Structure formats: C-alpha cells, structure tokens
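A.B. asks: Got a file for you: upload_5.pdb, PDB, N, CA and C atoms, pLDDT in the B column.
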```
MODEL        1
ATOM      1  N   MET A  21      -1.782 -34.950  67.972  1.00 91.00           N
ATOM      2  CA  MET A  21      -2.417 -34.521  69.199  1.00 91.00           C
ATOM      3  C   MET A  21      -1.374 -33.931  70.160  1.00 91.00           C
ATOM      4  N   GLY A  22      -0.220 -34.602  70.245  1.00 93.00           N
ATOM      5  CA  GLY A  22       0.827 -34.117  71.137  1.00 93.00           C
ATOM      6  C   GLY A  22       1.347 -32.752  70.724  1.00 93.00           C
ATOM      7  N   PHE A  23       1.592 -32.584  69.410  1.00 94.00           N
ATOM      8  CA  PHE A  23       2.095 -31.302  68.927  1.00 94.00           C
ATOM      9  C   PHE A  23       1.082 -30.190  69.164  1.00 94.00           C
ATOM     10  N   ALA A  24      -0.189 -30.463  68.905  1.00 95.00           N
ATOM     11  CA  ALA A  24      -1.233 -29.451  69.089  1.00 95.00           C
ATOM     12  C   ALA A  24      -1.346 -29.037  70.554  1.00 95.00           C
ATOM     13  N   THR A  25      -1.298 -30.019  71.457  1.00 96.00           N
ATOM     14  CA  THR A  25      -1.386 -29.701  72.882  1.00 96.00           C
ATOM     15  C   THR A  25      -0.148 -28.941  73.340  1.00 96.00           C
ATOM     16  N   GLY A  26       1.029 -29.356  72.871  1.00 96.00           N
ATOM     17  CA  GLY A  26       2.267 -28.659  73.228  1.00 96.00           C
ATOM     18  C   GLY A  26       2.270 -27.220  72.733  1.00 96.00           C
ATOM     19  N   LEU A  27       1.813 -27.027  71.512  1.00 96.00           N
ATOM     20  CA  LEU A  27       1.758 -25.675  70.956  1.00 96.00           C
ATOM     21  C   LEU A  27       0.743 -24.814  71.694  1.00 96.00           C
ATOM     22  N   THR A  28      -0.392 -25.386  72.059  1.00 96.00           N
ATOM     23  CA  THR A  28      -1.404 -24.653  72.809  1.00 96.00           C
ATOM     24  C   THR A  28      -0.870 -24.233  74.178  1.00 96.00           C
ATOM     25  N   ALA A  29      -0.185 -25.144  74.867  1.00 96.00           N
ATOM     26  CA  ALA A  29       0.397 -24.822  76.169  1.00 96.00           C
ATOM     27  C   ALA A  29       1.451 -23.725  76.032  1.00 96.00           C
ATOM     28  N   THR A  30       2.231 -23.779  74.961  1.00 97.00           N
ATOM     29  CA  THR A  30       3.246 -22.752  74.716  1.00 97.00           C
ATOM     30  C   THR A  30       2.595 -21.395  74.467  1.00 97.00           C
ATOM     31  N   LEU A  31       1.498 -21.375  73.726  1.00 97.00           N
ATOM     32  CA  LEU A  31       0.781 -20.118  73.488  1.00 97.00           C
ATOM     33  C   LEU A  31       0.226 -19.547  74.794  1.00 97.00           C
ATOM     34  N   LEU A  32      -0.265 -20.412  75.683  1.00 96.00           N
ATOM     35  CA  LEU A  32      -0.729 -19.949  76.995  1.00 96.00           C
ATOM     36  C   LEU A  32       0.427 -19.356  77.796  1.00 96.00           C
ATOM     37  N   TYR A  33       1.603 -19.972  77.728  1.00 96.00           N
ATOM     38  CA  TYR A  33       2.798 -19.466  78.410  1.00 96.00           C
ATOM     39  C   TYR A  33       3.146 -18.071  77.875  1.00 96.00           C
ATOM     40  N   LEU A  34       3.128 -17.933  76.557  1.00 96.00           N
ATOM     41  CA  LEU A  34       3.431 -16.634  75.948  1.00 96.00           C
ATOM     42  C   LEU A  34       2.366 -15.601  76.316  1.00 96.00           C
ATOM     43  N   GLY A  35       1.112 -16.030  76.424  1.00 95.00           N
ATOM     44  CA  GLY A  35       0.044 -15.125  76.853  1.00 95.00           C
ATOM     45  C   GLY A  35       0.282 -14.612  78.262  1.00 95.00           C
ATOM     46  N   CYS A  36       0.730 -15.495  79.148  1.00 94.00           N
ATOM     47  CA  CYS A  36       1.057 -15.073  80.508  1.00 94.00           C
ATOM     48  C   CYS A  36       2.187 -14.046  80.494  1.00 94.00           C
ATOM     49  N   MET A  37       3.175 -14.286  79.619  1.00 95.00           N
ATOM     50  CA  MET A  37       4.283 -13.330  79.509  1.00 95.00           C
ATOM     51  C   MET A  37       3.773 -11.957  79.062  1.00 95.00           C
ATOM     52  N   ILE A  38       2.876 -11.946  78.094  1.00 96.00           N
ATOM     53  CA  ILE A  38       2.345 -10.680  77.579  1.00 96.00           C
ATOM     54  C   ILE A  38       1.565  -9.949  78.666  1.00 96.00           C
ATOM     55  N   VAL A  39       0.757 -10.695  79.426  1.00 94.00           N
ATOM     56  CA  VAL A  39       0.010 -10.072  80.532  1.00 94.00           C
ATOM     57  C   VAL A  39       0.985  -9.436  81.519  1.00 94.00           C
ATOM     58  N   MET A  40       2.010 -10.158  81.897  1.00 95.00           N
ATOM     59  CA  MET A  40       2.949  -9.659  82.896  1.00 95.00           C
ATOM     60  C   MET A  40       3.713  -8.432  82.390  1.00 95.00           C
ATOM     61  N   ILE A  41       4.078  -8.445  81.115  1.00 95.00           N
ATOM     62  CA  ILE A  41       4.819  -7.319  80.543  1.00 95.00           C
ATOM     63  C   ILE A  41       3.939  -6.076  80.437  1.00 95.00           C
ATOM     64  N   THR A  42       2.679  -6.255  80.041  1.00 97.00           N
ATOM     65  CA  THR A  42       1.833  -5.094  79.761  1.00 97.00           C
ATOM     66  C   THR A  42       1.182  -4.472  80.989  1.00 97.00           C
ATOM     67  N   VAL A  43       0.847  -5.278  82.009  1.00 96.00           N
ATOM     68  CA  VAL A  43       0.119  -4.711  83.141  1.00 96.00           C
ATOM     69  C   VAL A  43       0.947  -4.588  84.421  1.00 96.00           C
ATOM     70  N   GLY A  44       2.181  -5.086  84.418  1.00 95.00           N
ATOM     71  CA  GLY A  44       3.030  -4.951  85.600  1.00 95.00           C
ATOM     72  C   GLY A  44       2.646  -5.929  86.709  1.00 95.00           C
ATOM     73  N   LYS A  45       3.326  -5.788  87.848  1.00 95.00           N
ATOM     74  CA  LYS A  45       3.133  -6.730  88.950  1.00 95.00           C
ATOM     75  C   LYS A  45       1.729  -6.647  89.545  1.00 95.00           C
ATOM     76  N   GLU A  46       1.255  -5.445  89.843  1.00 95.00           N
ATOM     77  CA  GLU A  46      -0.067  -5.312  90.470  1.00 95.00           C
ATOM     78  C   GLU A  46      -1.180  -5.834  89.565  1.00 95.00           C
ATOM     79  N   GLY A  47      -1.105  -5.501  88.287  1.00 95.00           N
ATOM     80  CA  GLY A  47      -2.108  -5.985  87.339  1.00 95.00           C
ATOM     81  C   GLY A  47      -2.034  -7.498  87.161  1.00 95.00           C
ATOM     82  N   SER A  48      -0.812  -8.038  87.166  1.00 95.00           N
ATOM     83  CA  SER A  48      -0.635  -9.488  87.047  1.00 95.00           C
ATOM     84  C   SER A  48      -1.241 -10.204  88.241  1.00 95.00           C
ATOM     85  N   VAL A  49      -1.006  -9.669  89.429  1.00 95.00           N
ATOM     86  CA  VAL A  49      -1.562 -10.277  90.638  1.00 95.00           C
ATOM     87  C   VAL A  49      -3.084 -10.265  90.572  1.00 95.00           C
ATOM     88  N   LYS A  50      -3.671  -9.138  90.167  1.00 95.00           N
ATOM     89  CA  LYS A  50      -5.134  -9.065  90.061  1.00 95.00           C
ATOM     90  C   LYS A  50      -5.670 -10.043  89.017  1.00 95.00           C
ATOM     91  N   PHE A  51      -5.000 -10.092  87.863  1.00 94.00           N
ATOM     92  CA  PHE A  51      -5.443 -10.975  86.784  1.00 94.00           C
ATOM     93  C   PHE A  51      -5.405 -12.437  87.217  1.00 94.00           C
ATOM     94  N   PHE A  52      -4.277 -12.872  87.765  1.00 94.00           N
ATOM     95  CA  PHE A  52      -4.140 -14.281  88.126  1.00 94.00           C
ATOM     96  C   PHE A  52      -4.960 -14.637  89.362  1.00 94.00           C
ATOM     97  N   ASN A  53      -5.182 -13.679  90.268  1.00 95.00           N
ATOM     98  CA  ASN A  53      -6.085 -13.936  91.396  1.00 95.00           C
ATOM     99  C   ASN A  53      -7.504 -14.191  90.903  1.00 95.00           C
ATOM    100  N   ASN A  54      -7.951 -13.399  89.925  1.00 94.00           N
ATOM    101  CA  ASN A  54      -9.281 -13.616  89.346  1.00 94.00           C
ATOM    102  C   ASN A  54      -9.351 -14.931  88.584  1.00 94.00           C
ATOM    103  N   LEU A  55      -8.308 -15.230  87.840  1.00 92.00           N
ATOM    104  CA  LEU A  55      -8.276 -16.450  87.044  1.00 92.00           C
ATOM    105  C   LEU A  55      -8.278 -17.698  87.924  1.00 92.00           C
ATOM    106  N   LEU A  56      -7.653 -17.622  89.073  1.00 93.00           N
ATOM    107  CA  LEU A  56      -7.529 -18.771  89.974  1.00 93.00           C
ATOM    108  C   LEU A  56      -8.531 -18.715  91.119  1.00 93.00           C
ATOM    109  N   HIS A  57      -9.668 -18.080  90.903  1.00 92.00           N
ATOM    110  CA  HIS A  57     -10.782 -18.042  91.855  1.00 92.00           C
ATOM    111  C   HIS A  57     -10.383 -17.483  93.219  1.00 92.00           C
ATOM    112  N   GLY A  58      -9.607 -16.412  93.212  1.00 85.00           N
ATOM    113  CA  GLY A  58      -9.288 -15.734  94.463  1.00 85.00           C
ATOM    114  C   GLY A  58      -8.040 -16.235  95.167  1.00 85.00           C
ATOM    115  N   LEU A  59      -7.348 -17.226  94.623  1.00 93.00           N
ATOM    116  CA  LEU A  59      -6.090 -17.688  95.213  1.00 93.00           C
ATOM    117  C   LEU A  59      -5.085 -16.540  95.171  1.00 93.00           C
ATOM    118  N   ASP A  60      -4.459 -16.223  96.293  1.00 95.00           N
ATOM    119  CA  ASP A  60      -3.534 -15.091  96.364  1.00 95.00           C
ATOM    120  C   ASP A  60      -2.203 -15.460  95.725  1.00 95.00           C
ATOM    121  N   THR A  61      -1.909 -14.851  94.583  1.00 94.00           N
ATOM    122  CA  THR A  61      -0.673 -15.139  93.857  1.00 94.00           C
ATOM    123  C   THR A  61       0.416 -14.101  94.093  1.00 94.00           C
ATOM    124  N   SER A  62       0.160 -13.147  94.969  1.00 94.00           N
ATOM    125  CA  SER A  62       1.118 -12.051  95.154  1.00 94.00           C
ATOM    126  C   SER A  62       2.476 -12.528  95.653  1.00 94.00           C
ATOM    127  N   SER A  63       2.499 -13.614  96.403  1.00 94.00           N
ATOM    128  CA  SER A  63       3.787 -14.074  96.940  1.00 94.00           C
ATOM    129  C   SER A  63       4.569 -14.948  95.960  1.00 94.00           C
ATOM    130  N   ILE A  64       3.953 -15.382  94.866  1.00 94.00           N
ATOM    131  CA  ILE A  64       4.666 -16.263  93.940  1.00 94.00           C
ATOM    132  C   ILE A  64       4.955 -15.634  92.581  1.00 94.00           C
ATOM    133  N   ILE A  65       4.414 -14.459  92.303  1.00 94.00           N
ATOM    134  CA  ILE A  65       4.674 -13.813  91.018  1.00 94.00           C
ATOM    135  C   ILE A  65       5.991 -13.063  91.088  1.00 94.00           C
ATOM    136  N   ARG A  66       6.879 -13.415  90.142  1.00 93.00           N
ATOM    137  CA  ARG A  66       8.179 -12.743  90.010  1.00 93.00           C
ATOM    138  C   ARG A  66       8.196 -11.975  88.703  1.00 93.00           C
ATOM    139  N   MET A  67       8.617 -10.734  88.765  1.00 93.00           N
ATOM    140  CA  MET A  67       8.672  -9.930  87.544  1.00 93.00           C
ATOM    141  C   MET A  67      10.078  -9.900  86.934  1.00 93.00           C
ATOM    142  N   ASP A  68      11.081 -10.325  87.662  1.00 93.00           N
ATOM    143  CA  ASP A  68      12.466 -10.261  87.182  1.00 93.00           C
ATOM    144  C   ASP A  68      12.960 -11.648  86.757  1.00 93.00           C
ATOM    145  N   VAL A  69      12.276 -12.253  85.799  1.00 93.00           N
ATOM    146  CA  VAL A  69      12.636 -13.578  85.318  1.00 93.00           C
ATOM    147  C   VAL A  69      13.703 -13.419  84.230  1.00 93.00           C
ATOM    148  N   PRO A  70      14.852 -14.090  84.396  1.00 95.00           N
ATOM    149  CA  PRO A  70      15.913 -13.976  83.380  1.00 95.00           C
ATOM    150  C   PRO A  70      15.476 -14.570  82.033  1.00 95.00           C
ATOM    151  N   LEU A  71      16.051 -14.064  80.959  1.00 95.00           N
ATOM    152  CA  LEU A  71      15.689 -14.490  79.603  1.00 95.00           C
ATOM    153  C   LEU A  71      15.946 -15.981  79.395  1.00 95.00           C
ATOM    154  N   LEU A  72      17.064 -16.502  79.894  1.00 97.00           N
ATOM    155  CA  LEU A  72      17.379 -17.917  79.734  1.00 97.00           C
ATOM    156  C   LEU A  72      16.352 -18.797  80.454  1.00 97.00           C
ATOM    157  N   GLU A  73      15.928 -18.373  81.629  1.00 96.00           N
ATOM    158  CA  GLU A  73      14.908 -19.111  82.378  1.00 96.00           C
ATOM    159  C   GLU A  73      13.575 -19.105  81.625  1.00 96.00           C
ATOM    160  N   THR A  74      13.253 -17.993  81.011  1.00 95.00           N
ATOM    161  CA  THR A  74      12.036 -17.894  80.206  1.00 95.00           C
ATOM    162  C   THR A  74      12.103 -18.835  79.010  1.00 95.00           C
ATOM    163  N   PHE A  75      13.256 -18.877  78.345  1.00 96.00           N
ATOM    164  CA  PHE A  75      13.447 -19.758  77.196  1.00 96.00           C
ATOM    165  C   PHE A  75      13.255 -21.224  77.597  1.00 96.00           C
ATOM    166  N   PHE A  76      13.895 -21.628  78.686  1.00 97.00           N
ATOM    167  CA  PHE A  76      13.758 -23.009  79.141  1.00 97.00           C
ATOM    168  C   PHE A  76      12.320 -23.300  79.591  1.00 97.00           C
ATOM    169  N   GLY A  77      11.646 -22.317  80.151  1.00 96.00           N
ATOM    170  CA  GLY A  77      10.244 -22.493  80.548  1.00 96.00           C
ATOM    171  C   GLY A  77       9.354 -22.753  79.349  1.00 96.00           C
ATOM    172  N   ILE A  78       9.595 -22.042  78.262  1.00 97.00           N
ATOM    173  CA  ILE A  78       8.810 -22.253  77.041  1.00 97.00           C
ATOM    174  C   ILE A  78       9.055 -23.659  76.500  1.00 97.00           C
ATOM    175  N   ILE A  79      10.311 -24.078  76.447  1.00 97.00           N
ATOM    176  CA  ILE A  79      10.659 -25.409  75.942  1.00 97.00           C
ATOM    177  C   ILE A  79      10.046 -26.497  76.823  1.00 97.00           C
ATOM    178  N   GLN A  80      10.174 -26.346  78.135  1.00 97.00           N
ATOM    179  CA  GLN A  80       9.628 -27.346  79.056  1.00 97.00           C
ATOM    180  C   GLN A  80       8.105 -27.414  78.970  1.00 97.00           C
ATOM    181  N   THR A  81       7.469 -26.269  78.816  1.00 97.00           N
ATOM    182  CA  THR A  81       6.015 -26.238  78.675  1.00 97.00           C
ATOM    183  C   THR A  81       5.579 -26.980  77.419  1.00 97.00           C
ATOM    184  N   PHE A  82       6.296 -26.766  76.312  1.00 97.00           N
ATOM    185  CA  PHE A  82       5.969 -27.479  75.075  1.00 97.00           C
ATOM    186  C   PHE A  82       6.143 -28.982  75.248  1.00 97.00           C
ATOM    187  N   ILE A  83       7.243 -29.402  75.867  1.00 97.00           N
ATOM    188  CA  ILE A  83       7.495 -30.839  76.052  1.00 97.00           C
ATOM    189  C   ILE A  83       6.419 -31.480  76.928  1.00 97.00           C
ATOM    190  N   LEU A  84       6.086 -30.833  78.029  1.00 97.00           N
ATOM    191  CA  LEU A  84       5.033 -31.373  78.897  1.00 97.00           C
ATOM    192  C   LEU A  84       3.687 -31.444  78.173  1.00 97.00           C
ATOM    193  N   GLY A  85       3.364 -30.400  77.424  1.00 96.00           N
ATOM    194  CA  GLY A  85       2.123 -30.403  76.652  1.00 96.00           C
ATOM    195  C   GLY A  85       2.119 -31.508  75.616  1.00 96.00           C
ATOM    196  N   TRP A  86       3.253 -31.709  74.947  1.00 97.00           N
ATOM    197  CA  TRP A  86       3.355 -32.768  73.945  1.00 97.00           C
ATOM    198  C   TRP A  86       3.149 -34.129  74.596  1.00 97.00           C
ATOM    199  N   LEU A  87       3.786 -34.358  75.746  1.00 97.00           N
ATOM    200  CA  LEU A  87       3.629 -35.639  76.446  1.00 97.00           C
ATOM    201  C   LEU A  87       2.180 -35.870  76.892  1.00 97.00           C
ATOM    202  N   ILE A  88       1.538 -34.830  77.395  1.00 96.00           N
ATOM    203  CA  ILE A  88       0.139 -34.952  77.808  1.00 96.00           C
ATOM    204  C   ILE A  88      -0.746 -35.269  76.601  1.00 96.00           C
ATOM    205  N   GLY A  89      -0.540 -34.564  75.504  1.00 96.00           N
ATOM    206  CA  GLY A  89      -1.318 -34.824  74.295  1.00 96.00           C
ATOM    207  C   GLY A  89      -1.074 -36.219  73.749  1.00 96.00           C
ATOM    208  N   ALA A  90       0.167 -36.685  73.793  1.00 96.00           N
ATOM    209  CA  ALA A  90       0.484 -38.037  73.324  1.00 96.00           C
ATOM    210  C   ALA A  90      -0.187 -39.083  74.208  1.00 96.00           C
ATOM    211  N   CYS A  91      -0.229 -38.844  75.515  1.00 96.00           N
ATOM    212  CA  CYS A  91      -0.912 -39.770  76.430  1.00 96.00           C
ATOM    213  C   CYS A  91      -2.406 -39.811  76.158  1.00 96.00           C
ATOM    214  N   VAL A  92      -3.009 -38.656  75.956  1.00 95.00           N
ATOM    215  CA  VAL A  92      -4.451 -38.607  75.656  1.00 95.00           C
ATOM    216  C   VAL A  92      -4.729 -39.365  74.362  1.00 95.00           C
ATOM    217  N   ALA A  93      -3.900 -39.164  73.339  1.00 94.00           N
ATOM    218  CA  ALA A  93      -4.099 -39.849  72.064  1.00 94.00           C
ATOM    219  C   ALA A  93      -3.922 -41.358  72.222  1.00 94.00           C
ATOM    220  N   ALA A  94      -2.918 -41.779  72.981  1.00 93.00           N
ATOM    221  CA  ALA A  94      -2.675 -43.209  73.176  1.00 93.00           C
ATOM    222  C   ALA A  94      -3.833 -43.864  73.927  1.00 93.00           C
ATOM    223  N   ILE A  95      -4.321 -43.209  74.952  1.00 93.00           N
ATOM    224  CA  ILE A  95      -5.452 -43.750  75.710  1.00 93.00           C
ATOM    225  C   ILE A  95      -6.704 -43.800  74.839  1.00 93.00           C
ATOM    226  N   TYR A  96      -6.926 -42.760  74.060  1.00 92.00           N
ATOM    227  CA  TYR A  96      -8.075 -42.723  73.151  1.00 92.00           C
ATOM    228  C   TYR A  96      -7.986 -43.865  72.140  1.00 92.00           C
ATOM    229  N   ASN A  97      -6.812 -44.040  71.528  1.00 91.00           N
ATOM    230  CA  ASN A  97      -6.641 -45.101  70.547  1.00 91.00           C
ATOM    231  C   ASN A  97      -6.786 -46.481  71.155  1.00 91.00           C
ATOM    232  N   ALA A  98      -6.262 -46.664  72.352  1.00 90.00           N
ATOM    233  CA  ALA A  98      -6.392 -47.963  73.037  1.00 90.00           C
ATOM    234  C   ALA A  98      -7.866 -48.258  73.339  1.00 90.00           C
ATOM    235  N   GLN A  99      -8.603 -47.243  73.727  1.00 89.00           N
ATOM    236  CA  GLN A  99     -10.028 -47.408  74.050  1.00 89.00           C
ATOM    237  C   GLN A  99     -10.818 -47.768  72.793  1.00 89.00           C
ATOM    238  N   ILE A 100     -10.473 -47.204  71.661  1.00 86.00           N
ATOM    239  CA  ILE A 100     -11.159 -47.526  70.399  1.00 86.00           C
ATOM    240  C   ILE A 100     -10.882 -48.976  70.022  1.00 86.00           C
ATOM    241  N   ASN A 101      -9.641 -49.425  70.194  1.00 76.00           N
ATOM    242  CA  ASN A 101      -9.286 -50.806  69.835  1.00 76.00           C
ATOM    243  C   ASN A 101      -9.993 -51.818  70.716  1.00 76.00           C
ATOM    244  N   ILE A 102     -10.272 -51.486  71.939  1.00 77.00           N
ATOM    245  CA  ILE A 102     -10.984 -52.400  72.840  1.00 77.00           C
ATOM    246  C   ILE A 102     -12.429 -52.586  72.387  1.00 77.00           C
ATOM    247  N   LYS A 103     -13.085 -51.527  71.928  1.00 64.00           N
ATOM    248  CA  LYS A 103     -14.482 -51.605  71.479  1.00 64.00           C
ATOM    249  C   LYS A 103     -14.628 -52.457  70.217  1.00 64.00           C
ATOM    250  N   ASN A 104     -13.632 -52.394  69.346  1.00 59.00           N
ATOM    251  CA  ASN A 104     -13.719 -53.142  68.077  1.00 59.00           C
ATOM    252  C   ASN A 104     -13.191 -54.516  68.342  1.00 59.00           C
TER     253      ASN A 104
ENDMDL
END
```
Since I need it in another form, could you write the structure as structure tokens?

C.D. replies:
Amino acid sequence: MGFATGLTATLLYLGCMIVMITVGKEGSVKFFNNLLHGLDTSSIIRMDVPLLETFFGIIQTFILGWLIGACVAAIYNAQINIKN
C-alpha cells in the first residue's frame, strides 16, 4: 500500500512538471487555479526550479506518499483485527 501510494504521488508530481513545461507560466497558473477551485496560484508558481531541487522534490514526494500509504494500511489492518 505504501509503495503504491508513493508511486502514485510521484506520478502526480511528474504530471505537474509536464504541465508546467508544456504550457508555460500563464497556462500553469490557469490550470492550477481551475484545479484548486479558483485559488490564485500566480504568486507561488515558480518556473525556474533547479534540477537538484526537482530531484529532491520527487524523492520527498515518494517518501511522504509511502508513509501515508503505510499509515492507511496499518490503520486498516488494526481495524480488521479489532472486529475479529
């Protein structure tokens, strides 16, 4: 469960990278504003992200996703053991 969640979060991170690369700053702002129900993202979107920072972001996203998935699995398993 942890690996699947971590990999899914990493794929979402890579998807964001692809959006930013293909549509530029203005398109990214429009896309993320629509995705976040009108929240203005123009002041927080950076297009000049260094490669090393991107690499660490991917790794950190995977680790956080793995931890979240492991927590969900542990809680699910604990809940099953209580019923039996």

A.B. asks: Which residues fall under the PyMOL selection byres (((chain A and resi 35-48 and name CA) around 10) and name CA) in this file, as a PyMOL selection string?

C.D. replies: chain A and resi 29-34+49-54+61-62+65-67+74

A.B. asks: Just to confirm, what's the straight-line distance from atom CA of Ile79 of chain A to atom CA of Leu55 of chain A in Å (one decimal)?

C.D. replies: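 Separation of atom CA of Ile79 of chain A and atom CA of Leu55 of chain A: 23.7 Å.
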
A.B. asks: What is the distance between atom C of Ala94 of chain A and atom N of Phe76 of chain A, in Å to one decimal?

C.D. replies: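 Taking atom C of Ala94 of chain A and atom N of Phe76 of chain A, their separation equals 28.8 Å.
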
A.B. asks: Can you work out the spacing between atom CA of Leu27 of chain A and atom CA of Gly77 of chain A in Å, to one decimal?

C.D. replies: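 Here the two named atoms are 13.2 Å from each other.
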
A.B. asks: Here's the selection I'm unsure about, the PyMOL selection byres ((chain A and resi 85) around 7); applied to the file above, which residues does it give, as a PDB file with N, CA and C atoms, in the frame of the given file?

C.D. replies:
```pdb
ATOM      1  N   MET A  21      -1.782 -34.950  67.972  1.00 91.00           N
ATOM      2  CA  MET A  21      -2.417 -34.521  69.199  1.00 91.00           C
ATOM      3  C   MET A  21      -1.374 -33.931  70.160  1.00 91.00           C
ATOM      4  N   GLY A  22      -0.220 -34.602  70.245  1.00 93.00           N
ATOM      5  CA  GLY A  22       0.827 -34.117  71.137  1.00 93.00           C
ATOM      6  C   GLY A  22       1.347 -32.752  70.724  1.00 93.00           C
ATOM      7  N   PHE A  23       1.592 -32.584  69.410  1.00 94.00           N
ATOM      8  CA  PHE A  23       2.095 -31.302  68.927  1.00 94.00           C
ATOM      9  C   PHE A  23       1.082 -30.190  69.164  1.00 94.00           C
ATOM     10  N   ALA A  24      -0.189 -30.463  68.905  1.00 95.00           N
ATOM     11  CA  ALA A  24      -1.233 -29.451  69.089  1.00 95.00           C
ATOM     12  C   ALA A  24      -1.346 -29.037  70.554  1.00 95.00           C
ATOM     13  N   THR A  25      -1.298 -30.019  71.457  1.00 96.00           N
ATOM     14  CA  THR A  25      -1.386 -29.701  72.882  1.00 96.00           C
ATOM     15  C   THR A  25      -0.148 -28.941  73.340  1.00 96.00           C
ATOM     16  N   GLY A  26       1.029 -29.356  72.871  1.00 96.00           N
ATOM     17  CA  GLY A  26       2.267 -28.659  73.228  1.00 96.00           C
ATOM     18  C   GLY A  26       2.270 -27.220  72.733  1.00 96.00           C
ATOM     19  N   LEU A  27       1.813 -27.027  71.512  1.00 96.00           N
ATOM     20  CA  LEU A  27       1.758 -25.675  70.956  1.00 96.00           C
ATOM     21  C   LEU A  27       0.743 -24.814  71.694  1.00 96.00           C
ATOM     22  N   ALA A  29      -0.185 -25.144  74.867  1.00 96.00           N
ATOM     23  CA  ALA A  29       0.397 -24.822  76.169  1.00 96.00           C
ATOM     24  C   ALA A  29       1.451 -23.725  76.032  1.00 96.00           C
ATOM     25  N   THR A  30       2.231 -23.779  74.961  1.00 97.00           N
ATOM     26  CA  THR A  30       3.246 -22.752  74.716  1.00 97.00           C
ATOM     27  C   THR A  30       2.595 -21.395  74.467  1.00 97.00           C
ATOM     28  N   GLN A  80      10.174 -26.346  78.135  1.00 97.00           N
ATOM     29  CA  GLN A  80       9.628 -27.346  79.056  1.00 97.00           C
ATOM     30  C   GLN A  80       8.105 -27.414  78.970  1.00 97.00           C
ATOM     31  N   THR A  81       7.469 -26.269  78.816  1.00 97.00           N
ATOM     32  CA  THR A  81       6.015 -26.238  78.675  1.00 97.00           C
ATOM     33  C   THR A  81       5.579 -26.980  77.419  1.00 97.00           C
ATOM     34  N   PHE A  82       6.296 -26.766  76.312  1.00 97.00           N
ATOM     35  CA  PHE A  82       5.969 -27.479  75.075  1.00 97.00           C
ATOM     36  C   PHE A  82       6.143 -28.982  75.248  1.00 97.00           C
ATOM     37  N   ILE A  83       7.243 -29.402  75.867  1.00 97.00           N
ATOM     38  CA  ILE A  83       7.495 -30.839  76.052  1.00 97.00           C
ATOM     39  C   ILE A  83       6.419 -31.480  76.928  1.00 97.00           C
ATOM     40  N   LEU A  84       6.086 -30.833  78.029  1.00 97.00           N
ATOM     41  CA  LEU A  84       5.033 -31.373  78.897  1.00 97.00           C
ATOM     42  C   LEU A  84       3.687 -31.444  78.173  1.00 97.00           C
ATOM     43  N   TRP A  86       3.253 -31.709  74.947  1.00 97.00           N
ATOM     44  CA  TRP A  86       3.355 -32.768  73.945  1.00 97.00           C
ATOM     45  C   TRP A  86       3.149 -34.129  74.596  1.00 97.00           C
ATOM     46  N   LEU A  87       3.786 -34.358  75.746  1.00 97.00           N
ATOM     47  CA  LEU A  87       3.629 -35.639  76.446  1.00 97.00           C
ATOM     48  C   LEU A  87       2.180 -35.870  76.892  1.00 97.00           C
ATOM     49  N   ILE A  88       1.538 -34.830  77.395  1.00 96.00           N
ATOM     50  CA  ILE A  88       0.139 -34.952  77.808  1.00 96.00           C
ATOM     51  C   ILE A  88      -0.746 -35.269  76.601  1.00 96.00           C
ATOM     52  N   GLY A  89      -0.540 -34.564  75.504  1.00 96.00           N
ATOM     53  CA  GLY A  89      -1.318 -34.824  74.295  1.00 96.00           C
ATOM     54  C   GLY A  89      -1.074 -36.219  73.749  1.00 96.00           C
ATOM     55  N   ALA A  90       0.167 -36.685  73.793  1.00 96.00           N
ATOM     56  CA  ALA A  90       0.484 -38.037  73.324  1.00 96.00           C
ATOM     57  C   ALA A  90      -0.187 -39.083  74.208  1.00 96.00           C
TER      58      ALA A  90
END
```

A.B. asks: If you run DSSP over the backbone, which residues in chain A end up helix (DSSP H, G or I)? Put them as a PyMOL selection string.

C.D. replies: chain A and resi 22-55+71-103

A.B. asks: Using the file's own x, y and z axes, what box holds all listed atoms of segment 69-75 of chain A with 4 Å on each side, keeping edges along x, y and z, and what are its centre and edge lengths in Å to one decimal, as lines of an AutoDock Vina configuration file?

C.D. replies:
```
center_x = 14.7
center_y = -16.7
center_z = 81.5
size_x = 13.3
size_y = 17.0
size_z = 16.6
```
